[in-house]
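A.B. asks: One file is attached below, coords.cif, containing mmCIF, C-alpha atoms.
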data_input
#
loop_
_atom_site.label_atom_id
_atom_site.label_comp_id
_atom_site.auth_asym_id
_atom_site.auth_seq_id
_atom_site.Cartn_x
_atom_site.Cartn_y
_atom_site.Cartn_z
CA CYS A 1 -8.62 32.88 -27.83
CA LEU A 2 -11.64 31.17 -26.23
CA ILE A 3 -10.23 27.61 -26.43
CA PRO A 4 -9.55 26.26 -22.85
CA THR A 5 -5.78 26.41 -23.18
CA THR A 6 -4.79 26.77 -19.51
CA ILE A 7 -5.43 23.19 -18.39
CA GLY A 8 -3.92 21.87 -21.63
CA GLY A 9 -0.68 23.62 -20.77
CA LEU A 10 -0.71 22.40 -17.16
CA LEU A 11 -1.67 18.71 -17.44
CA PRO A 12 1.70 17.54 -18.84
CA ALA A 13 3.52 19.34 -16.02
CA ILE A 14 1.23 17.72 -13.43
CA GLY A 15 1.87 14.22 -14.88
CA ILE A 16 5.64 14.68 -15.09
CA ALA A 17 5.75 16.03 -11.54
CA GLY A 18 3.81 13.00 -10.24
CA MET A 19 6.30 10.54 -11.78
CA ASN A 20 9.18 12.65 -10.49
CA ARG A 21 7.81 12.63 -6.93
CA ALA A 22 7.46 8.84 -7.12
CA LEU A 23 11.05 8.56 -8.37
CA SER A 24 12.27 10.81 -5.54
CA SER A 25 10.85 8.15 -3.19
CA ASN A 26 12.87 5.53 -5.12
CA VAL A 27 9.74 4.13 -6.77
CA LEU A 28 10.04 3.47 -10.50
CA ALA A 29 6.66 3.87 -12.20
CA LYS A 30 6.32 2.17 -15.57
CA SER A 31 3.86 4.84 -16.70
CA GLY A 32 2.28 8.07 -15.55
CA LYS A 33 -1.04 6.22 -15.55
CA ALA A 34 0.19 4.01 -12.70
CA VAL A 35 0.88 7.04 -10.47
CA GLU A 36 -2.48 8.54 -11.38
CA VAL A 37 -4.38 5.33 -10.58
CA ALA A 38 -2.61 5.13 -7.20
CA GLY A 39 -4.43 8.30 -6.21
CA ASP A 40 -7.80 6.73 -7.04
CA VAL A 41 -7.24 3.54 -5.02
CA ASP A 42 -10.17 2.41 -2.85
CA VAL A 43 -8.64 -0.71 -1.26
CA LEU A 44 -5.09 -1.37 -0.08
CA LEU A 45 -3.88 -4.96 0.41
CA LEU A 46 -0.80 -5.09 2.64
CA ASP A 47 1.28 -7.99 3.91
CA LYS A 48 1.59 -7.92 7.68
CA THR A 49 5.25 -8.85 7.96
CA GLY A 50 7.56 -6.00 7.02
CA THR A 51 4.74 -3.60 6.20
CA ILE A 52 2.57 -3.35 9.30
CA THR A 53 5.09 -4.97 11.63
CA HIS A 54 8.87 -4.63 11.64
CA GLY A 55 9.15 -8.06 10.08
CA ASP A 56 11.80 -9.36 12.48
CA ARG A 57 9.75 -11.94 14.32
CA GLN A 58 11.87 -13.60 16.96
CA ALA A 59 11.30 -16.81 18.89
CA THR A 60 10.78 -15.78 22.50
CA ALA A 61 9.49 -18.91 24.27
CA PHE A 62 8.79 -22.66 24.00
CA HIS A 63 5.54 -24.05 25.43
CA PRO A 64 5.68 -27.86 25.80
CA LEU A 65 2.46 -29.82 26.21
CA ALA A 66 1.77 -31.87 29.31
CA GLY A 67 4.04 -34.89 29.51
CA VAL A 68 6.53 -33.48 26.99
CA ASP A 69 10.02 -32.70 28.22
CA MET A 70 11.24 -29.17 27.44
CA GLN A 71 14.53 -30.58 26.12
CA ARG A 72 12.66 -32.75 23.60
CA LEU A 73 10.66 -29.76 22.34
CA ARG A 74 13.80 -27.63 22.07
CA GLU A 75 15.62 -30.35 20.15
CA ALA A 76 12.72 -30.86 17.69
CA ALA A 77 12.33 -27.10 17.18
CA LEU A 78 16.06 -26.72 16.45
CA LEU A 79 16.29 -29.67 14.08
CA SER A 80 13.24 -28.53 12.10
CA SER A 81 14.74 -25.02 11.77
CA LEU A 82 18.35 -25.78 10.83
CA ALA A 83 17.64 -25.38 7.11
CA ASP A 84 15.27 -22.45 7.60
CA PRO A 85 17.13 -19.33 6.32
CA THR A 86 14.46 -16.87 7.48
CA PRO A 87 15.04 -14.61 10.53
CA GLU A 88 12.33 -16.56 12.33
CA GLY A 89 14.09 -19.87 11.70
CA LYS A 90 17.44 -18.48 12.83
CA SER A 91 15.89 -17.09 16.00
CA ILE A 92 14.39 -20.52 16.82
CA VAL A 93 17.83 -22.13 16.45
CA LYS A 94 19.38 -19.44 18.64
CA LEU A 95 16.75 -19.80 21.36
CA ALA A 96 16.92 -23.61 21.29
CA ARG A 97 20.71 -23.69 21.64
CA GLN A 98 21.46 -23.36 25.32
CA PRO A 99 25.09 -23.46 26.50
CA ASN A 100 24.45 -26.06 29.20
CA THR A 101 22.59 -28.55 27.00
CA PRO A 102 24.06 -28.57 23.47
CA ILE A 103 22.15 -30.30 20.67
CA GLU A 104 24.12 -32.16 18.02
CA GLU A 105 23.32 -31.38 14.40
CA PRO A 106 22.33 -34.43 12.26
CA THR A 107 24.72 -35.68 9.61
CA ASN A 108 22.40 -38.01 7.68
CA ALA A 109 19.20 -36.03 7.14
CA HIS A 110 16.89 -34.72 4.46
CA PHE A 111 15.65 -31.18 5.11
CA VAL A 112 12.16 -30.16 4.03
CA PRO A 113 12.04 -26.43 3.11
CA PHE A 114 9.10 -24.21 3.94
CA SER A 115 6.34 -24.01 1.29
CA ALA A 116 3.53 -21.47 1.01
CA HIS A 117 1.15 -24.35 0.22
CA THR A 118 2.15 -26.79 2.98
CA ARG A 119 3.00 -23.97 5.45
CA MET A 120 5.41 -26.38 7.15
CA SER A 121 9.14 -27.10 7.23
CA GLY A 122 11.21 -29.76 8.90
CA VAL A 123 13.69 -32.60 8.59
CA ASP A 124 13.64 -36.37 7.97
CA LEU A 125 16.32 -38.17 10.01
CA ASN A 126 17.56 -41.58 8.84
CA LEU A 127 17.93 -43.76 11.93
CA ALA A 128 20.29 -46.68 12.37
CA ASP A 129 17.50 -49.29 12.22
CA GLY A 130 16.37 -47.99 8.81
CA GLN A 131 13.44 -46.03 10.19
CA VAL A 132 12.84 -42.36 9.34
CA ARG A 133 12.17 -39.82 12.10
CA ALA A 134 10.06 -37.01 10.65
CA ILE A 135 10.15 -33.70 12.56
CA ARG A 136 7.95 -30.82 11.42
CA LYS A 137 7.07 -27.30 12.53
CA GLY A 138 4.43 -25.01 11.01
CA ALA A 139 1.12 -23.21 11.32
CA ILE A 140 -1.50 -24.72 13.61
CA ASP A 141 -3.98 -25.73 10.90
CA ALA A 142 -1.28 -27.31 8.72
CA MET A 143 0.22 -29.20 11.65
CA VAL A 144 -3.16 -30.48 12.84
CA LYS A 145 -3.88 -31.87 9.36
CA TYR A 146 -0.38 -33.39 9.29
CA ALA A 147 -0.90 -35.12 12.64
CA GLN A 148 -4.37 -36.34 11.64
CA SER A 149 -2.94 -37.82 8.44
CA LEU A 150 -0.66 -39.90 10.69
CA GLY A 151 -3.54 -41.04 12.89
CA SER A 152 -3.11 -38.58 15.78
CA GLU A 153 -5.65 -36.12 17.20
CA PRO A 154 -4.59 -32.82 18.80
CA SER A 155 -5.38 -32.38 22.48
CA PRO A 156 -7.52 -29.53 23.89
CA GLU A 157 -4.37 -28.33 25.65
CA LEU A 158 -2.72 -27.57 22.29
CA SER A 159 -5.64 -25.38 21.25
CA ALA A 160 -5.47 -23.56 24.58
CA ARG A 161 -1.71 -22.95 24.20
CA VAL A 162 -2.12 -21.68 20.65
CA GLU A 163 -4.98 -19.39 21.67
CA GLN A 164 -2.99 -17.99 24.59
CA VAL A 165 -0.03 -17.10 22.34
CA ALA A 166 -2.27 -15.72 19.58
CA ARG A 167 -4.28 -13.45 21.91
CA ASN A 168 -1.00 -11.78 22.89
CA GLY A 169 -0.46 -10.83 19.23
CA ALA A 170 2.34 -13.36 18.77
CA THR A 171 2.53 -16.07 16.12
CA PRO A 172 2.28 -19.68 17.35
CA LEU A 173 4.14 -22.45 15.50
CA VAL A 174 3.40 -26.06 16.39
CA VAL A 175 6.17 -28.69 16.54
CA ALA A 176 5.62 -32.40 15.89
CA ASP A 177 7.91 -35.41 16.20
CA GLY A 178 6.32 -38.02 13.98
CA ARG A 179 2.66 -38.29 14.94
CA HIS A 180 3.23 -36.69 18.34
CA LEU A 181 2.50 -32.96 18.75
CA LEU A 182 5.08 -31.66 21.24
CA GLY A 183 4.22 -28.02 21.86
CA VAL A 184 4.23 -24.45 20.61
CA ILE A 185 6.95 -21.98 19.62
CA GLU A 186 6.08 -18.33 20.33
CA LEU A 187 7.20 -15.81 17.66
CA SER A 188 6.85 -12.17 18.68
CA ASP A 189 6.77 -9.18 16.34
CA VAL A 190 6.22 -5.45 16.92
CA VAL A 191 3.76 -3.22 15.08
CA LYS A 192 5.54 -0.24 13.51
CA HIS A 193 5.32 3.03 15.40
CA GLY A 194 2.90 5.50 13.79
CA ILE A 195 1.33 2.94 11.43
CA LYS A 196 -2.07 3.31 13.10
CA GLU A 197 -2.07 7.05 12.35
CA LYS A 198 -1.16 6.29 8.71
CA PHE A 199 -4.15 3.99 8.37
CA ALA A 200 -6.37 6.62 9.99
CA GLN A 201 -5.25 9.09 7.30
CA LEU A 202 -6.03 6.56 4.57
CA ARG A 203 -9.44 5.94 6.13
CA ALA A 204 -10.09 9.70 6.09
CA MET A 205 -9.39 9.61 2.35
CA GLY A 206 -11.93 6.82 1.89
CA ILE A 207 -9.34 4.04 1.43
CA LYS A 208 -10.00 0.65 3.01
CA THR A 209 -6.96 -1.23 4.33
CA VAL A 210 -6.79 -5.04 4.33
CA MET A 211 -3.98 -6.88 6.12
CA ILE A 212 -2.82 -10.18 4.60
CA THR A 213 -1.10 -12.67 6.86
CA GLY A 214 -0.41 -16.37 7.17
CA ASP A 215 -1.13 -16.17 10.90
CA ASN A 216 -4.14 -17.86 12.44
CA PRO A 217 -7.33 -15.80 12.88
CA LEU A 218 -6.70 -15.00 16.57
CA THR A 219 -3.20 -13.59 15.96
CA ALA A 220 -4.41 -11.77 12.86
CA ALA A 221 -7.28 -10.20 14.80
CA ALA A 222 -4.95 -9.03 17.59
CA ILE A 223 -2.45 -7.44 15.15
CA ALA A 224 -5.27 -5.91 13.05
CA ALA A 225 -6.80 -4.28 16.13
CA GLU A 226 -3.43 -2.90 17.27
CA ALA A 227 -2.51 -1.60 13.80
CA GLY A 228 -5.95 -0.16 13.08
CA VAL A 229 -6.61 -1.82 9.72
CA ASP A 230 -10.18 -2.15 8.46
CA ASP A 231 -10.07 -5.85 7.58
CA TYR A 232 -7.71 -8.81 7.47
CA ILE A 233 -7.21 -12.14 5.70
CA ALA A 234 -5.82 -14.82 8.01
CA GLU A 235 -4.04 -18.03 6.99
CA ALA A 236 -3.72 -16.48 3.54
CA ARG A 237 -2.41 -18.38 0.52
CA PRO A 238 -1.37 -16.81 -2.81
CA GLU A 239 -4.70 -17.70 -4.39
CA ASP A 240 -6.55 -15.96 -1.52
CA LYS A 241 -4.91 -12.63 -2.47
CA LEU A 242 -6.00 -13.00 -6.08
CA ALA A 243 -9.53 -13.94 -5.06
CA ARG A 244 -9.85 -10.91 -2.76
CA ILE A 245 -8.58 -8.52 -5.45
CA ARG A 246 -11.10 -9.85 -7.96
CA GLN A 247 -13.87 -9.62 -5.38
CA GLU A 248 -13.10 -5.94 -4.68
CA GLN A 249 -12.79 -5.11 -8.39
CA ALA A 250 -16.10 -6.82 -9.12
CA ALA A 251 -17.64 -4.39 -6.64
CA GLY A 252 -16.26 -1.47 -8.67
CA ARG A 253 -13.25 -0.65 -6.49
CA LEU A 254 -9.63 0.06 -7.46
CA VAL A 255 -7.13 -2.15 -5.63
CA ALA A 256 -3.43 -1.75 -4.81
CA MET A 257 -1.14 -4.40 -3.39
CA VAL A 258 2.52 -5.13 -2.76
CA GLY A 259 4.46 -8.33 -3.39
CA ASP A 260 7.88 -9.76 -4.15
CA GLY A 261 7.54 -13.47 -4.91
CA THR A 262 6.69 -15.47 -8.00
CA ASN A 263 3.49 -16.60 -6.30
CA ASP A 264 2.54 -12.89 -5.92
CA ALA A 265 2.82 -12.25 -9.67
CA PRO A 266 -0.82 -13.13 -10.57
CA ALA A 267 -2.17 -10.84 -7.84
CA LEU A 268 0.24 -8.02 -8.77
CA ALA A 269 -0.87 -8.27 -12.39
CA GLN A 270 -4.55 -8.34 -11.39
CA ALA A 271 -4.31 -5.34 -9.04
CA ASP A 272 -4.87 -1.87 -10.47
CA VAL A 273 -1.64 -0.76 -8.74
CA GLY A 274 0.95 -3.48 -8.21
CA LEU A 275 4.09 -2.46 -6.30
CA ALA A 276 6.86 -5.05 -6.75
CA MET A 277 10.03 -5.16 -4.66
CA ASN A 278 13.35 -4.66 -6.45
CA SER A 279 14.76 -7.55 -4.40
CA GLY A 280 11.89 -9.78 -5.54
CA THR A 281 11.68 -12.21 -8.42
CA GLN A 282 11.72 -11.15 -12.06
CA ALA A 283 8.17 -12.45 -12.45
CA ALA A 284 6.93 -10.12 -9.68
CA LYS A 285 8.73 -7.09 -11.16
CA GLU A 286 7.30 -7.74 -14.61
CA ALA A 287 3.78 -8.25 -13.24
CA GLY A 288 3.69 -5.02 -11.21
CA ASN A 289 3.36 -1.56 -12.74
CA MET A 290 5.69 -0.03 -10.13
CA VAL A 291 9.00 -1.21 -8.68
CA ASP A 292 10.30 -0.06 -5.30
CA LEU A 293 14.08 0.24 -5.60
CA ASP A 294 14.44 0.20 -1.78
CA SER A 295 12.41 -3.03 -1.46
CA ASP A 296 10.40 -1.51 1.40
CA PRO A 297 6.84 -2.92 1.47
CA ALA A 298 5.63 0.08 3.51
CA LYS A 299 6.46 2.29 0.51
CA LEU A 300 2.98 1.54 -0.83
CA LEU A 301 1.61 4.11 1.61
CA GLN A 302 3.90 6.77 0.11
CA VAL A 303 2.89 5.76 -3.42
CA VAL A 304 -0.76 6.33 -2.57
CA GLU A 305 0.08 9.73 -1.09
CA VAL A 306 2.00 10.70 -4.26
CA GLY A 307 -0.94 9.61 -6.42
CA LYS A 308 -3.40 11.45 -4.17
CA GLN A 309 -1.34 14.64 -4.37
CA GLN A 310 -1.25 14.36 -8.16
CA LEU A 311 -5.02 13.97 -8.30
CA ILE A 312 -5.54 16.84 -5.84
CA THR A 313 -3.25 19.07 -7.90
CA ARG A 314 -4.95 18.13 -11.16
CA GLY A 315 -8.40 18.64 -9.63
CA ALA A 316 -7.50 22.02 -8.15
CA LEU A 317 -5.91 23.38 -11.32
CA THR A 318 -8.65 21.94 -13.53
CA THR A 319 -11.25 23.67 -11.37
CA PHE A 320 -9.31 26.93 -11.59
CA SER A 321 -8.81 26.61 -15.35
CA LEU A 322 -12.45 25.86 -16.16
CA ALA A 323 -13.67 28.71 -13.98
CA ASN A 324 -11.00 30.94 -15.51
CA ASP A 325 -12.13 30.08 -19.06
CA VAL A 326 -15.80 30.68 -18.27
CA SER A 327 -14.92 34.13 -16.88
CA LYS A 328 -13.01 34.96 -20.06
CA TYR A 329 -16.12 34.29 -22.10
CA PHE A 330 -18.11 36.82 -20.08
CA ALA A 331 -15.27 39.32 -20.31
CA ILE A 332 -14.58 39.03 -24.04
CA LEU A 333 -17.82 38.14 -25.81
CA PRO A 334 -19.78 41.22 -24.67
CA ALA A 335 -16.89 43.45 -25.78
CA MET A 336 -16.74 41.77 -29.18
CA PHE A 337 -20.47 42.22 -29.78
CA ALA A 338 -20.99 45.52 -27.95
CA ALA A 339 -22.62 46.96 -31.08
CA VAL A 340 -25.48 44.45 -30.72
CA PRO A 341 -28.10 46.10 -28.46
CA SER A 342 -28.89 42.87 -26.60
CA MET A 343 -25.18 42.35 -25.76
CA ALA A 344 -24.37 45.92 -24.79
CA ALA A 345 -25.90 45.51 -21.33
CA LEU A 346 -23.54 42.59 -20.63
CA ASN A 347 -20.43 44.66 -21.38
CA VAL A 348 -19.98 45.48 -17.70
CA MET A 349 -16.18 45.67 -17.99
CA HIS A 350 -16.34 48.37 -20.69
CA LEU A 351 -13.23 47.13 -22.48
CA SER A 352 -11.79 49.68 -24.90
CA SER A 353 -12.36 47.65 -28.09
CA PRO A 354 -13.04 44.11 -29.35
CA THR A 355 -9.44 43.89 -30.58
CA HIS A 356 -8.05 44.87 -27.20
CA ALA A 357 -10.41 42.39 -25.50
CA VAL A 358 -9.04 39.50 -27.56
CA VAL A 359 -5.40 40.61 -27.17
CA ALA A 360 -5.88 41.15 -23.42
CA ALA A 361 -7.21 37.59 -23.07
CA LEU A 362 -4.26 36.19 -25.02
CA ILE A 363 -1.78 38.12 -22.88
CA PHE A 364 -3.60 36.93 -19.74
CA ASN A 365 -3.24 33.31 -20.91
CA ALA A 366 0.43 33.86 -21.70
CA ILE A 367 0.98 35.15 -18.16
CA ILE A 368 -1.21 32.78 -16.11
CA ILE A 369 0.17 29.49 -17.53
CA PRO A 370 3.83 30.19 -16.58
CA ILE A 371 2.63 31.41 -13.16
CA LEU A 372 0.73 28.15 -12.52
CA ILE A 373 3.39 25.73 -13.85
CA PRO A 374 5.52 25.96 -10.64
CA LEU A 375 2.39 25.06 -8.64
CA ALA A 376 1.72 22.15 -11.01
CA LEU A 377 5.29 20.89 -10.56
CA ARG A 378 5.38 21.40 -6.79
CA GLY A 379 1.87 20.08 -6.28
CA VAL A 380 -0.98 21.36 -4.17
CA ARG A 381 -0.41 20.66 -0.51
CA PHE A 382 -1.50 17.10 0.34
CA ARG A 383 -4.15 16.76 3.02
CA ALA A 384 -5.90 13.57 4.06
CA ALA A 385 -9.55 14.28 3.32
CA SER A 386 -12.60 12.74 1.68
CA ALA A 387 -13.51 13.40 -1.93
CA THR A 388 -16.40 15.63 -0.78
CA ALA A 389 -14.09 17.79 1.34
CA LEU A 390 -11.57 18.08 -1.50
CA LEU A 391 -14.28 19.09 -3.97
CA ARG A 392 -15.61 21.73 -1.59
CA ARG A 393 -12.12 23.14 -1.08
CA ASN A 394 -11.41 23.18 -4.82
CA VAL A 395 -14.65 25.02 -5.56
CA LEU A 396 -14.16 27.62 -2.81
CA VAL A 397 -10.45 28.28 -3.32
CA TYR A 398 -9.60 27.49 -6.93
CA GLY A 399 -13.07 27.75 -8.46
CA LEU A 400 -13.87 31.12 -6.92
CA GLY A 401 -10.34 32.33 -7.63
CA GLY A 402 -10.59 31.21 -11.23
CA VAL A 403 -13.88 33.08 -11.66
CA LEU A 404 -12.72 36.36 -10.13
CA LEU A 405 -9.10 36.67 -11.30
CA PRO A 406 -9.66 37.17 -15.08
CA PHE A 407 -11.93 40.22 -14.66
CA PRO A 408 -9.43 42.59 -12.96
CA ALA A 409 -6.47 41.08 -14.83
CA ILE A 410 -8.00 41.47 -18.30
CA LYS A 411 -9.28 44.95 -17.40
CA LEU A 412 -5.79 46.07 -16.32
CA ILE A 413 -4.22 44.62 -19.48
CA ASP A 414 -6.90 46.37 -21.60
CA MET A 415 -6.17 49.68 -19.88
CA ALA A 416 -2.48 49.24 -20.60
CA LEU A 417 -3.19 48.46 -24.26
CA ALA A 418 -5.45 51.50 -24.58
CA ALA A 419 -2.78 53.71 -23.00
CA VAL A 420 -0.12 52.46 -25.39
CA PHE A 421 -2.08 52.05 -28.64
CA GLY A 422 -5.11 54.19 -27.99
CA ALA A 423 -8.74 53.14 -27.98
#
Could you spell out this file's structure in structure tokens?
C.D. replies:
Amino acid sequence: CLIPTTIGGLLPAIGIAGMNRALSSNVLAKSGKAVEVAGDVDVLLLDKTGTITHGDRQATAFHPLAGVDMQRLREAALLSSLADPTPEGKSIVKLARQPNTPIEEPTNAHFVPFSAHTRMSGVDLNLADGQVRAIRKGAIDAMVKYAQSLGSEPSPELSARVEQVARNGATPLVVADGRHLLGVIELSDVVKHGIKEKFAQLRAMGIKTVMITGDNPLTAAAIAAEAGVDDYIAEARPEDKLARIRQEQAAGRLVAMVGDGTNDAPALAQADVGLAMNSGTQAAKEAGNMVDLDSDPAKLLQVVEVGKQQLITRGALTTFSLANDVSKYFAILPAMFAAVPSMAALNVMHLSSPTHAVVAALIFNAIIIPILIPLALRGVRFRAASATALLRRNVLVYGLGGVLLPFPAIKLIDMALAAVFGA
């Protein structure tokens, strides 16, 4: 009768409900533990593209350097993007193709696909005299190293152009024809509406948000300020994600991240909560402990909310159950040992008999568990708050309620038993 049975009956319902809420958001959790850990996350690592921004970066302008003809920059940008299947690459081709000045596509060329390590793409054209014309486009730091390897030094004007584009929150890509740096392509993206408020809610819950992007530090800083994230990693490579996760975990924090590529697999496996995209590689899906069937990187925010609600529900009902069990001790034990002079003074409820006290407690348990199961399945209302605020609310609402409820309930049941069976 005195065993804490209430929370034992409610915990399975709370766990099942958490997995069900994740599934209702089209997130497949490999275990209930994954959902639970999501609610304890301290640090969130999020890719910028598709999560913080809409992910449809479009080429909006070409900025040739002094002495470079606009047509030459447009041609080099188009040729280096013909084999680029990304939306950004397609938008560069579209912007470069003007009806009045068509650019012929090469027939004898070797295309160089984009790589996360080189952070460049381009094309090698075989010329009639046997020479090879190498055209590349990519991130500023990668392109500067490329030009320097060919014996060319970037001009101060290039740095000024890149800085101007980056300060506007756009992504600059540099174009080179051989050893000559021609200019900058401006890629514009839009921060998602309401994302800043989401990050403010996470901050109120004590969760630190870190944006991961391949952009240069100036662009990353502009987007981070607009989105309201706490920190950012610029010019990030796959190994940088893994290093940051290990750094946060070494400091005793729980880390969540999202990814979809094979190069994300080590970081997804290292993170405490790894959300893999269903459209991603098999390696990523096997490494993560959750799979988003909608392949929406922003779903990580919902996963954290589901985990938080599960923890809030478990904390609230655990508080109620423990307080409820303590109250039962004070209600039943004095009645059971009322004949002992030292215990008689504690029998403030004046239950009719020790037998009725025990039976009343059992009936109370049999009633209270089914009453609380719907709350366990539905979940306590989710509110963005710190752990201190949640603890205070649990103690005042569920703790105080758990202490007070058993006394009148057990007394009423005892009165009913006495009326039916006699004292």
A.B. asks: Compile the contact shell of segment 125-135 of chain A as a ChimeraX atom specification: residues with an atom at most 9 Å away, counting all atoms listed in the file, same-chain residues fewer than 4 positions apart removed.
C.D. replies: /A:76-77,79-80,106-111,121,175-179
A.B. asks: Put the listed atoms of segment 347-361 of chain A in a box along x, y and z with 5 Å added on every side and give me the centre and edge lengths in Å to one decimal, as AutoDock Vina command-line options.
C.D. replies:
--center_x -12.9 --center_y 43.6 --center_z -24.1 --size_x 25.0 --size_y 22.1 --size_z 22.9
A.B. asks: Within 8 Å of (-10.1, -13.7, 12.2), in the coordinates the file gives, what residues turn up when you count all atoms listed in the file, written out as a PDB file with C-alpha atoms, in the frame of the given file?
C.D. replies:
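Result file follows (point_0.pdb):
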ATOM      1  CA  ASN A 216      -4.140 -17.860  12.440  1.00  0.00           C
ATOM      2  CA  PRO A 217      -7.330 -15.800  12.880  1.00  0.00           C
ATOM      3  CA  LEU A 218      -6.700 -15.000  16.570  1.00  0.00           C
ATOM      4  CA  THR A 219      -3.200 -13.590  15.960  1.00  0.00           C
ATOM      5  CA  ALA A 220      -4.410 -11.770  12.860  1.00  0.00           C
ATOM      6  CA  ALA A 221      -7.280 -10.200  14.800  1.00  0.00           C
ATOM      7  CA  TYR A 232      -7.710  -8.810   7.470  1.00  0.00           C
ATOM      8  CA  ILE A 233      -7.210 -12.140   5.700  1.00  0.00           C
ATOM      9  CA  ALA A 234      -5.820 -14.820   8.010  1.00  0.00           C
TER      10      ALA A 234
END
A.B. asks: Just want the 7 Å neighbourhood of segment 141-147 of chain A, counted on all atoms listed in the file, with same-chain residues fewer than 3 positions away dropped. Output as a list in words.
C.D. replies: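 Listed by chain and then number, they are Thr118, Arg119, Met120, Gly138, Leu150, Gly151, Ser152, Glu153, Pro154, Val174 and Arg179 of chain A.
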A.B. asks: Hey, what comes out of the PyMOL selection byres ((chain A and resi 381) around 10) on this file? Could you write it as a PDB file with C-alpha atoms, in the coordinates of the input?
C.D. replies:
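Writing the result to out.pdb gives the following:
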ATOM      1  CA  GLN A 309      -1.340  14.640  -4.370  1.00  0.00           C
ATOM      2  CA  GLN A 310      -1.250  14.360  -8.160  1.00  0.00           C
ATOM      3  CA  ILE A 312      -5.540  16.840  -5.840  1.00  0.00           C
ATOM      4  CA  THR A 313      -3.250  19.070  -7.900  1.00  0.00           C
ATOM      5  CA  LEU A 375       2.390  25.060  -8.640  1.00  0.00           C
ATOM      6  CA  ARG A 378       5.380  21.400  -6.790  1.00  0.00           C
ATOM      7  CA  GLY A 379       1.870  20.080  -6.280  1.00  0.00           C
ATOM      8  CA  VAL A 380      -0.980  21.360  -4.170  1.00  0.00           C
ATOM      9  CA  PHE A 382      -1.500  17.100   0.340  1.00  0.00           C
ATOM     10  CA  ARG A 383      -4.150  16.760   3.020  1.00  0.00           C
TER      11      ARG A 383
END
A.B. asks: May I have the residues at most 6 Å from (7.4, -11.1, 11.1) in the file's coordinates, counting all atoms listed in the file, as a count of residues only?
C.D. replies: 5
A.B. asks: Return the single residue from A:Pro408, A:Gly32, A:Pro172, A:Gly252 that is closest to Leu158 of chain A, with distances computed using all atoms listed in the file.
C.D. replies: A:Pro172
A.B. asks: Could you tell me which residues the PyMOL selection byres ((chain A and resi 391-406) around 7) returns for this structure, as a list in words?
C.D. replies: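 Residues picked by the PyMOL selection byres ((chain A and resi 391-406) around 7): Ala316, Thr319, Phe320, Ser321, Ala323, Asn324, Ser327, Lys328, Ala387, Thr388, Ala389, Leu390, Phe407, Pro408, Ala409 and Ile410 of chain A.
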A.B. asks: Nearest residue to Ser295 of chain A out of A:Leu44, A:Asn26, A:Arg237, A:Leu187, using only C-alpha atoms?
C.D. replies: A:Asn26
A.B. asks: To one decimal place in Å, what is the distance between atom CA of Leu182 of chain A and atom CA of Ala222 of chain A?
C.D. replies: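 Going from atom CA of Leu182 of chain A over to atom CA of Ala222 of chain A, I get 25.0 Å.
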A.B. asks: For Lys241 of chain A, which of A:Met19, A:Asp47, A:His193, A:Asn289 is the closest residue, counting only C-alpha atoms?
C.D. replies: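 Checking each candidate against Lys241 of chain A, we get A:Asp47 as the closest.
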A.B. asks: May I ask which of the residues A:Gln270, A:Gly280, A:Met290, A:Ala200 is the closest one to Ser31 of chain A, counting all atoms listed in the file?
C.D. replies: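 Among the listed residues, the smallest separation from Ser31 of chain A belongs to A:Met290.
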A.B. asks: Just how far from atom CA of Pro238 of chain A is atom CA of His117 of chain A, in Å to one decimal?
C.D. replies: 8.5 Å
A.B. asks: When the PyMOL selection byres ((chain A and resi 239) around 12) is applied to the file above, which residues end up in the set, as a ChimeraX atom specification?
C.D. replies: /A:116-117,212,233,235-238,240-246,263-268,270
A.B. asks: What's the separation between atom CA of Ala227 of chain A and atom CA of Leu28 of chain A, in Å to one decimal place?
C.D. replies: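 The value is 27.8 Å.
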A.B. asks: Could you give me, as a short mmCIF file (atom, residue, chain, number, x, y, z; two decimals) with C-alpha atoms, keeping the file's coordinate frame, the residues within 7 Å of Thr171 of chain A, counting all atoms listed in the file and dropping anything in the same chain fewer than 3 positions from it?
C.D. replies:
data_model
loop_
_atom_site.label_atom_id
_atom_site.label_comp_id
_atom_site.auth_asym_id
_atom_site.auth_seq_id
_atom_site.Cartn_x
_atom_site.Cartn_y
_atom_site.Cartn_z
CA VAL A 165 -0.03 -17.10 22.34
CA ALA A 166 -2.27 -15.72 19.58
CA GLU A 186 6.08 -18.33 20.33
CA LEU A 187 7.20 -15.81 17.66
CA SER A 188 6.85 -12.17 18.68
CA ASP A 215 -1.13 -16.17 10.90
CA THR A 219 -3.20 -13.59 15.96
#
A.B. asks: Tell me, as a ChimeraX atom specification, which residues lie within 12 Å of Ser24 of chain A, counting only C-alpha atoms; anything in the same chain fewer than 2 positions away does not count.
C.D. replies: /A:17-22,26-29,292-294,299,302-303,306
A.B. asks: Export, as a compact mmCIF listing (two decimals), in the coordinates of the input, the selected residues with C-alpha atoms.
C.D. replies:
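Output (again-v8.txt):
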# COMPACT_ATOMS: atom_id res chain seq x y z
CA ALA A 17 5.75 16.03 -11.54
CA GLY A 18 3.81 13.00 -10.24
CA MET A 19 6.30 10.54 -11.78
CA ASN A 20 9.18 12.65 -10.49
CA ARG A 21 7.81 12.63 -6.93
CA ALA A 22 7.46 8.84 -7.12
CA ASN A 26 12.87 5.53 -5.12
CA VAL A 27 9.74 4.13 -6.77
CA LEU A 28 10.04 3.47 -10.50
CA ALA A 29 6.66 3.87 -12.20
CA ASP A 292 10.30 -0.06 -5.30
CA LEU A 293 14.08 0.24 -5.60
CA ASP A 294 14.44 0.20 -1.78
CA LYS A 299 6.46 2.29 0.51
CA GLN A 302 3.90 6.77 0.11
CA VAL A 303 2.89 5.76 -3.42
CA VAL A 306 2.00 10.70 -4.26
